[in-house]
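Notes to accompany the following structure.
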2 protein chains.
Amino acid sequence: MSEKARAGRRNNTNPESTRREILQAALEVLAKDGPESLSVTEVARRAGVNRGTAYQHFPTREDLAHATASWVSERIYEEFYGDLDGDPELSKTYPPEVALQRLCDFAMENPELSRAWLFDVMSTQGVVTDRFWKKYVKELREFADSGYGRENMDVEVFAFISLSSALLWPIWVGAHAKGSKARGKMQARFLDEMMRLTLFGSLTREQYPELVERYSRPIGEE
Amino acid sequence: MSEKARAGRRNNTNPESTRREILQAALEVLAKDGPESLSVTEVARRAGVNRGTAYQHFPTREDLAHATASWVSERIYEEFYGDLDGDPELSKTYPPEVALQRLCDFAMENPELSRAWLFDVMSTQGVVTDRFWKKYVKELREFADSGYGRENMDVEVFAFISLSSALLWPIWVGAHAKGSKARGKMQARFLDEMMRLTLFGSLTREQYPELVERYSRPIGEE
DNA sequence: CCTGTAGTCAACAATGCTGTTTAGTACCGC
DNA sequence: GCGGTACTAAACAGCATTGTTGACTACAGG
């Protein structure tokens with residue numbers, strides 16, 4: 001009995017680290033199959049933790065799911081804005097191509113966080129309260145208001161477009177571009193096209209004088 | 001025995017319609033919870049069909065999942081390109097704002113198909129072989145090559161950006177904009193910002209002469 | 001009228017997950 | 001050394017799902 005117990009024992013008296021391991025495993029499962037197929041059993045197995053331990057940290061499956069979602073949100077914020085947080089001046093001097101590069105790099109290096117975030121967006125709950133999303137919009141609004149962005153920009157919509165496609169792109173790419181070299185190339189393609197799009201749009205304006213006229217007006221005018 | 005049988009009987013001798021009903025129910029489940037949580041039991045229940053019947057049409061859960069994915073792909077193609085298919089000239093004269101409008105309308109009116117498609121994109125399989133995606137890229141390429149699109153456009157990347165965000169937007173919106181009126185307004189915001197983005201980009205070009213210079217060059221040049 | 005196809009109904013074993021419980025082990029601070 | 005905390009192990013009932021099978025029904029075409 002005692003031998004058996006000794007064999008598989010983890011001997012971890014730090015509850016925080018165990019909690020993190022469980023959450024990390026939950027993130028992996030979440031990123032793989034989506035929030036609806038997250039199971040405590042599978043998470044515990046993956047975390048190398050007894051199922052009972054998982055239930056001590058998270059009383060129900062739902063609790064684990066919610067905790068994981070919050071954790072994902074926090075981790076994305078930290079990974080993305082963590083080093084800027086103490087330095088409010090830094091983001092002001094942040095040129096757009098660097099910001100976009102940062103976002104793309106983050107998405108490529110953290111496909112699991114990206115997937116989990118996108119799953120959250122696609123869940124019926126929405127993600128409005130997400131700290132990362134709020135900060136992203138806020139930064140973008142300040143940037144646009146400083147005269148660097150197109151005047152009649154709908155900040156939220158543009159934030160959504162850039163964010164969702166930047167996070168989704170590496171996932172899309174990862175599915176059919178094997179090898180890190182190929183993926184790097186695809187990542188560069190996205191960054192370049194996104195930069196060209198933000199700088200020039202995608203239409204030849206000369207071909208569409210009436211559209212240029214119509215969409216030049218401030219937001220809300222008929 | 002015979003009375004029981006008569007009671008809950010569907011009396012449907014058309015296998016095709018039964019198959020469609022099952023697939024439709026599968027789509028609903030798929031759109032709600034993602035492909036990994038699709039269960040034959042739940043689908044049969046939702047379709048008002050005996051579980052055994054579902055198993056006659058689709059021998060395993062996997063078969064059902066794959067069949068549903070293909071069906072989604074076909075339905076999106078049909079709904080979106082069906083009426084254009086016999087008329088190759090039609091798409092050539094299709095102005096971009098109408099094409100985008102069509103896409104946005106489609107996404108708003110078919111959130112389930114959109115969700116299912118996005119789940120497919122996020123699945124590890126990828127969606128490269130998707131008929132709809134191929135057609136969308138092809139149309140866009142022809143359009144760009146006819147001088148209406150920015151010269152150095154990366155068609156696939158732009159197709160991805162426009163497609164994914166247009167399909168994802170109504171889902172995002174649906175989560176926190178209640179009422180069809182509010183949703184219609186959000187939809188208009190997306191369409192407008194997307195049009196402005198394609199026409200003008202999102203940056204004030206005058207502020208970024210060096211970026212304008214760098215990204216004006218054809219694709220591939222250092 | 002008969003046969004094959006399509007569908008319904010019900011029951012089955014096997015499996016997996018949930019949430020709970022009971023008993024035991026390892027470690028840390030007091 | 002004691003007691004509390006953290007974890008493990010194993011078992012439990014309840015439930016859902018999977019995939020299969022056997023018996024029955026309804027119907028259309030030959």
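Letters A, B, ... mark the chains of the structure tokens in the order given; residue numbers begin at 1 per chain; ligand numbers begin at 1, in order shown.
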Chain A residues near chain B within 7 Å, closest pair each, using only C-alpha atoms, as CSV:
```
residue,atom,partner,partner_atom,distance
A:Asp33,CA,B:Glu36,CA,5.7
A:Gly34,CA,B:Gly34,CA,6.8
A:Glu36,CA,B:Asp33,CA,5.8
A:Ser37,CA,B:Ser37,CA,5.7
A:Val121,CA,B:Trp172,CA,6.2
A:Met122,CA,B:Ile171,CA,6.4
A:Thr124,CA,B:Ala175,CA,5.3
A:Gln125,CA,B:Ala175,CA,5.8
A:Gly126,CA,B:Ala175,CA,5.0
A:Tyr148,CA,B:Thr204,CA,5.1
A:Gly149,CA,B:Leu203,CA,4.4
A:Arg150,CA,B:Ser202,CA,5.1
A:Met153,CA,B:Glu193,CA,6.9
A:Asp154,CA,B:Glu193,CA,6.1
A:Val157,CA,B:Phe190,CA,6.0
A:Ile161,CA,B:Ser165,CA,5.5
A:Ser164,CA,B:Ser165,CA,6.6
A:Ser165,CA,B:Ile161,CA,5.5
A:Ile171,CA,B:Met122,CA,6.4
A:Trp172,CA,B:Val121,CA,6.2
A:Ala175,CA,B:Gly126,CA,5.0
A:His176,CA,B:Gly126,CA,6.5
A:Phe190,CA,B:Val157,CA,6.0
A:Glu193,CA,B:Asp154,CA,6.0
A:Arg196,CA,B:Tyr215,CA,6.0
A:Leu197,CA,B:Gly201,CA,5.4
A:Thr198,CA,B:Gly201,CA,4.0
A:Leu199,CA,B:Gly201,CA,4.9
A:Phe200,CA,B:Gly201,CA,4.8
A:Gly201,CA,B:Gly201,CA,3.9
A:Ser202,CA,B:Thr198,CA,4.6
A:Leu203,CA,B:Gly149,CA,4.4
A:Thr204,CA,B:Gly149,CA,5.1
A:Arg205,CA,B:Leu199,CA,6.2
A:Gln207,CA,B:Tyr148,CA,6.3
A:Val212,CA,B:Leu199,CA,6.9
A:Tyr215,CA,B:Arg196,CA,6.0
```
Just to be explicit: take each residue in the selection above, keep N, CA and C atoms, and write the result as a compact mmCIF listing (two decimals), in the first residue's frame.
```
# COMPACT_ATOMS: atom_id res chain seq x y z
N ASP A 33 -9.60 20.99 -28.49
CA ASP A 33 -10.96 20.55 -28.80
C ASP A 33 -12.06 21.55 -28.49
N GLY A 34 -11.70 22.68 -27.93
CA GLY A 34 -12.73 23.65 -27.61
C GLY A 34 -13.29 23.45 -26.21
N GLU A 36 -16.20 23.02 -24.93
CA GLU A 36 -17.27 22.06 -24.64
C GLU A 36 -16.76 20.65 -24.41
N SER A 37 -15.58 20.38 -24.92
CA SER A 37 -15.07 19.02 -24.73
C SER A 37 -13.99 18.94 -23.66
N VAL A 121 -14.01 33.75 -28.11
CA VAL A 121 -14.74 34.70 -28.94
C VAL A 121 -15.94 34.01 -29.59
N MET A 122 -15.73 32.78 -30.02
CA MET A 122 -16.80 32.06 -30.71
C MET A 122 -17.83 31.48 -29.77
N THR A 124 -20.70 31.53 -26.94
CA THR A 124 -21.85 32.44 -26.89
C THR A 124 -21.68 33.53 -25.83
N GLN A 125 -20.73 33.36 -24.96
CA GLN A 125 -20.57 34.34 -23.89
C GLN A 125 -19.96 35.64 -24.38
N GLY A 126 -19.13 35.55 -25.40
CA GLY A 126 -18.45 36.75 -25.84
C GLY A 126 -17.29 37.06 -24.92
N TYR A 148 -2.35 59.66 -36.30
CA TYR A 148 -1.62 58.67 -37.09
C TYR A 148 -2.56 57.72 -37.82
N GLY A 149 -3.80 57.68 -37.36
CA GLY A 149 -4.77 56.78 -38.01
C GLY A 149 -5.74 57.55 -38.87
N ARG A 150 -6.34 56.85 -39.82
CA ARG A 150 -7.36 57.45 -40.68
C ARG A 150 -8.46 58.07 -39.81
N MET A 153 -11.96 56.41 -38.70
CA MET A 153 -11.77 54.98 -38.40
C MET A 153 -12.74 54.51 -37.31
N ASP A 154 -13.33 53.35 -37.53
CA ASP A 154 -14.14 52.70 -36.50
C ASP A 154 -13.20 51.79 -35.73
N VAL A 157 -14.04 48.08 -34.77
CA VAL A 157 -14.13 47.17 -35.90
C VAL A 157 -12.73 46.85 -36.43
N ILE A 161 -10.87 43.23 -36.63
CA ILE A 161 -10.35 42.65 -37.87
C ILE A 161 -8.89 42.27 -37.71
N SER A 164 -8.43 39.43 -34.78
CA SER A 164 -8.93 38.09 -35.08
C SER A 164 -8.13 37.45 -36.21
N SER A 165 -7.83 38.22 -37.25
CA SER A 165 -7.12 37.58 -38.36
C SER A 165 -5.66 37.29 -37.99
N ILE A 171 -2.85 29.65 -37.05
CA ILE A 171 -3.57 28.39 -36.90
C ILE A 171 -3.91 27.83 -38.26
N TRP A 172 -4.44 28.66 -39.09
CA TRP A 172 -4.74 28.32 -40.48
C TRP A 172 -3.48 27.83 -41.19
N ALA A 175 -1.97 24.46 -40.10
CA ALA A 175 -2.66 23.27 -40.56
C ALA A 175 -2.10 22.73 -41.87
N HIS A 176 -1.53 23.62 -42.71
CA HIS A 176 -1.07 23.08 -43.99
C HIS A 176 0.29 23.58 -44.44
N PHE A 190 1.81 37.39 -44.15
CA PHE A 190 0.68 38.02 -43.47
C PHE A 190 1.03 39.43 -43.00
N GLU A 193 1.27 41.84 -45.97
CA GLU A 193 -0.01 42.20 -46.58
C GLU A 193 -0.83 43.07 -45.64
N ARG A 196 0.58 46.53 -45.89
CA ARG A 196 0.15 47.18 -47.14
C ARG A 196 -1.33 47.56 -47.06
N LEU A 197 -2.12 46.66 -46.44
CA LEU A 197 -3.54 46.94 -46.32
C LEU A 197 -3.78 48.18 -45.46
N THR A 198 -3.08 48.27 -44.33
CA THR A 198 -3.28 49.44 -43.47
C THR A 198 -2.76 50.72 -44.11
N LEU A 199 -1.75 50.58 -44.94
CA LEU A 199 -1.19 51.77 -45.58
C LEU A 199 -1.98 52.20 -46.82
N PHE A 200 -2.36 51.21 -47.63
CA PHE A 200 -2.92 51.58 -48.94
C PHE A 200 -4.32 51.08 -49.21
N GLY A 201 -4.86 50.23 -48.33
CA GLY A 201 -6.12 49.58 -48.68
C GLY A 201 -5.86 48.46 -49.66
N SER A 202 -6.90 47.99 -50.32
CA SER A 202 -6.69 46.90 -51.27
C SER A 202 -7.30 47.21 -52.63
N LEU A 203 -8.02 48.29 -52.72
CA LEU A 203 -8.61 48.66 -54.01
C LEU A 203 -7.78 49.74 -54.71
N THR A 204 -7.84 49.74 -56.02
CA THR A 204 -7.27 50.83 -56.79
C THR A 204 -8.26 51.99 -56.75
N ARG A 205 -7.92 53.01 -55.98
CA ARG A 205 -8.92 54.06 -55.73
C ARG A 205 -9.38 54.75 -57.00
N GLN A 207 -10.17 53.63 -59.67
CA GLN A 207 -11.24 52.90 -60.35
C GLN A 207 -12.59 53.15 -59.68
N VAL A 212 -14.95 56.24 -53.28
CA VAL A 212 -14.04 57.12 -52.53
C VAL A 212 -14.83 58.28 -51.96
N TYR A 215 -17.30 56.94 -49.08
CA TYR A 215 -16.70 56.49 -47.82
C TYR A 215 -15.69 57.48 -47.24
```
**Item:** All helix (DSSP H, G or I) residues (DSSP, backbone) inside range 25-202 of chain B, as a PyMOL selection string
**Value:** chain B and resi 25-33+35-37+40-47+51-57+61-84+88-92+96-109+111-122+131-148+155-176+180-200
**Asked** What is the C1' of DT8 in chain D-C1' of DC17 in chain C distance in Å, reported with one decimal?
**Response**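 Taking C1' of DT8 in chain D as the start and C1' of DC17 in chain C as the end point, the length is 19.6 Å.
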Report as CSV: every residue of chain C with an atom at most 8 Å from chain B, its closest pair of atoms, and their distance in Å to one decimal, counting only C-alpha atoms (C1' of nucleotides), with rows sorted by chain and ascending residue number.
```
residue,atom,partner,partner_atom,distance
C:DA6,C1',B:Thr13,CA,5.7
C:DG7,C1',B:Thr53,CA,6.6
C:DT8,C1',B:Arg9,CA,6.4
C:DC9,C1',B:Ala5,CA,6.8
```
Those residues you just picked out, can you put them in a file as a PDB file, in the first residue's frame with C-alpha atoms (C1' of nucleotides)?
```
ATOM      1  C1'  DA C   6     -36.071   2.631 -45.404  1.00  0.00           C
ATOM      2  C1'  DG C   7     -37.208   3.391 -41.001  1.00  0.00           C
ATOM      3  C1'  DT C   8     -38.673   2.544 -35.995  1.00  0.00           C
ATOM      4  C1'  DC C   9     -38.151   0.605 -31.474  1.00  0.00           C
TER       5       DC C   9
END
```
**Prompt:** So which one's closest to chain D, B:Glu42, B:Glu109, B:Glu21, B:Glu16? Using only C-alpha atoms (C1' of nucleotides), please.
**Reply:** B:Glu42
**Request:** For DA13 in chain D, please output as JSON, numbers by chain all residues within 12 Å (counting only C-alpha atoms (C1' of nucleotides); exclusion window: fewer than 6 positions along the same chain).
**Result:** {"C": [18, 19, 20, 21]}
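Summary of the local environment: counting only C-alpha atoms (C1' of nucleotides), residues at most 12 Å from DC12 in chain C, other than itself and those fewer than 3 positions away along its chain, are DT18, DG19, DT20, DT21 and DG22 of chain D.
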Prev. selection, N, CA and C atoms (P, O5', C5', C4', C3', O3' and C1' of nucleotides), output as a CSV table (one decimal), in the first residue's frame:
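Produced file result-v4.csv, reproduced below:
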```csv
chain,number,residue,atom,x,y,z
D,18,DT,P,-22.0,9.4,-29.4
D,18,DT,O5',-21.4,8.0,-29.5
D,18,DT,C5',-20.0,7.8,-29.0
D,18,DT,C4',-19.7,6.3,-29.1
D,18,DT,C3',-20.1,5.6,-30.5
D,18,DT,O3',-18.9,5.1,-31.0
D,18,DT,C1',-20.9,4.4,-28.6
D,19,DG,P,-18.8,5.1,-32.6
D,19,DG,O5',-19.4,3.6,-32.9
D,19,DG,C5',-18.7,2.5,-32.4
D,19,DG,C4',-19.7,1.3,-32.3
D,19,DG,C3',-20.4,0.9,-33.6
D,19,DG,O3',-20.0,-0.4,-34.0
D,19,DG,C1',-21.8,0.8,-31.7
D,20,DT,P,-20.7,-1.1,-35.2
D,20,DT,O5',-21.6,-2.2,-34.5
D,20,DT,C5',-21.2,-2.8,-33.3
D,20,DT,C4',-22.3,-3.8,-32.9
D,20,DT,C3',-23.0,-4.5,-34.0
D,20,DT,O3',-23.0,-5.9,-33.9
D,20,DT,C1',-24.5,-3.5,-32.4
D,21,DT,P,-23.6,-6.8,-35.1
D,21,DT,O5',-24.9,-7.3,-34.5
D,21,DT,C5',-25.0,-7.6,-33.1
D,21,DT,C4',-26.5,-7.7,-32.7
D,21,DT,C3',-27.4,-8.4,-33.7
D,21,DT,O3',-27.9,-9.6,-33.2
D,21,DT,C1',-28.4,-6.4,-32.8
D,22,DG,P,-28.7,-10.6,-34.2
D,22,DG,O5',-30.2,-10.5,-33.7
D,22,DG,C5',-30.5,-10.4,-32.4
D,22,DG,C4',-32.0,-10.1,-32.2
D,22,DG,C3',-32.9,-10.7,-33.3
D,22,DG,O3',-34.1,-11.1,-32.7
D,22,DG,C1',-33.1,-8.4,-33.4
```
Counting only C-alpha atoms (C1' of nucleotides), a student should be able to say which residues of chain D come within 12 Å of chain A; what is the right answer, written as a PDB file with N, CA and C atoms (P, O5', C5', C4', C3', O3' and C1' of nucleotides), in the first residue's frame?
```pdb
ATOM      1  P    DT D   5      -5.512  23.536   7.311  1.00  0.00           P
ATOM      2  O5'  DT D   5      -4.607  23.352   6.029  1.00  0.00           O
ATOM      3  C5'  DT D   5      -3.286  23.889   6.015  1.00  0.00           C
ATOM      4  C4'  DT D   5      -2.492  23.260   4.891  1.00  0.00           C
ATOM      5  C3'  DT D   5      -3.283  23.052   3.598  1.00  0.00           C
ATOM      6  O3'  DT D   5      -2.546  23.590   2.526  1.00  0.00           O
ATOM      7  C1'  DT D   5      -2.177  21.065   4.217  1.00  0.00           C
ATOM      8  P    DA D   6      -3.210  23.718   1.097  1.00  0.00           P
ATOM      9  O5'  DA D   6      -2.556  22.497   0.326  1.00  0.00           O
ATOM     10  C5'  DA D   6      -1.138  22.424   0.181  1.00  0.00           C
ATOM     11  C4'  DA D   6      -0.777  21.113  -0.475  1.00  0.00           C
ATOM     12  C3'  DA D   6      -1.650  20.755  -1.686  1.00  0.00           C
ATOM     13  O3'  DA D   6      -0.808  20.511  -2.807  1.00  0.00           O
ATOM     14  C1'  DA D   6      -1.505  18.928  -0.191  1.00  0.00           C
ATOM     15  P    DC D   7      -1.483  20.263  -4.240  1.00  0.00           P
ATOM     16  O5'  DC D   7      -1.466  18.683  -4.397  1.00  0.00           O
ATOM     17  C5'  DC D   7      -0.206  18.005  -4.343  1.00  0.00           C
ATOM     18  C4'  DC D   7      -0.429  16.560  -3.989  1.00  0.00           C
ATOM     19  C3'  DC D   7      -1.229  15.754  -5.013  1.00  0.00           C
ATOM     20  O3'  DC D   7      -0.347  14.998  -5.826  1.00  0.00           O
ATOM     21  C1'  DC D   7      -1.674  15.127  -2.743  1.00  0.00           C
ATOM     22  P    DT D   8      -0.912  14.066  -6.979  1.00  0.00           P
ATOM     23  O5'  DT D   8      -1.190  12.701  -6.209  1.00  0.00           O
ATOM     24  C5'  DT D   8      -0.117  12.011  -5.585  1.00  0.00           C
ATOM     25  C4'  DT D   8      -0.622  10.688  -5.045  1.00  0.00           C
ATOM     26  C3'  DT D   8      -1.329   9.800  -6.075  1.00  0.00           C
ATOM     27  O3'  DT D   8      -0.715   8.526  -6.056  1.00  0.00           O
ATOM     28  C1'  DT D   8      -2.619  10.015  -4.093  1.00  0.00           C
ATOM     29  P    DA D   9      -0.958   7.530  -7.220  1.00  0.00           P
ATOM     30  O5'  DA D   9      -2.007   6.505  -6.603  1.00  0.00           O
ATOM     31  C5'  DA D   9      -1.828   6.007  -5.282  1.00  0.00           C
ATOM     32  C4'  DA D   9      -3.075   5.267  -4.874  1.00  0.00           C
ATOM     33  C3'  DA D   9      -3.843   4.594  -6.024  1.00  0.00           C
ATOM     34  O3'  DA D   9      -3.983   3.218  -5.717  1.00  0.00           O
ATOM     35  C1'  DA D   9      -5.308   5.861  -4.642  1.00  0.00           C
ATOM     36  P    DA D  10      -4.475   2.207  -6.818  1.00  0.00           P
ATOM     37  O5'  DA D  10      -5.934   1.867  -6.299  1.00  0.00           O
ATOM     38  C5'  DA D  10      -6.202   1.915  -4.898  1.00  0.00           C
ATOM     39  C4'  DA D  10      -7.694   1.957  -4.675  1.00  0.00           C
ATOM     40  C3'  DA D  10      -8.521   1.348  -5.818  1.00  0.00           C
ATOM     41  O3'  DA D  10      -9.499   0.505  -5.260  1.00  0.00           O
ATOM     42  C1'  DA D  10      -9.342   3.473  -5.274  1.00  0.00           C
TER      43       DA D  10
END
```
**Asked** Which residue, A:Leu167, A:Ala54, A:Val98, A:Ala65, has the smallest gap to Arg19 in chain A when you use only C-alpha atoms?
**Response** A:Ala54
**Message:** If I take CA of Gln101 in chain A and CA of Phe80 in chain A, how far is one from the other in Å, to one decimal?
**Reply:** 11.6 Å
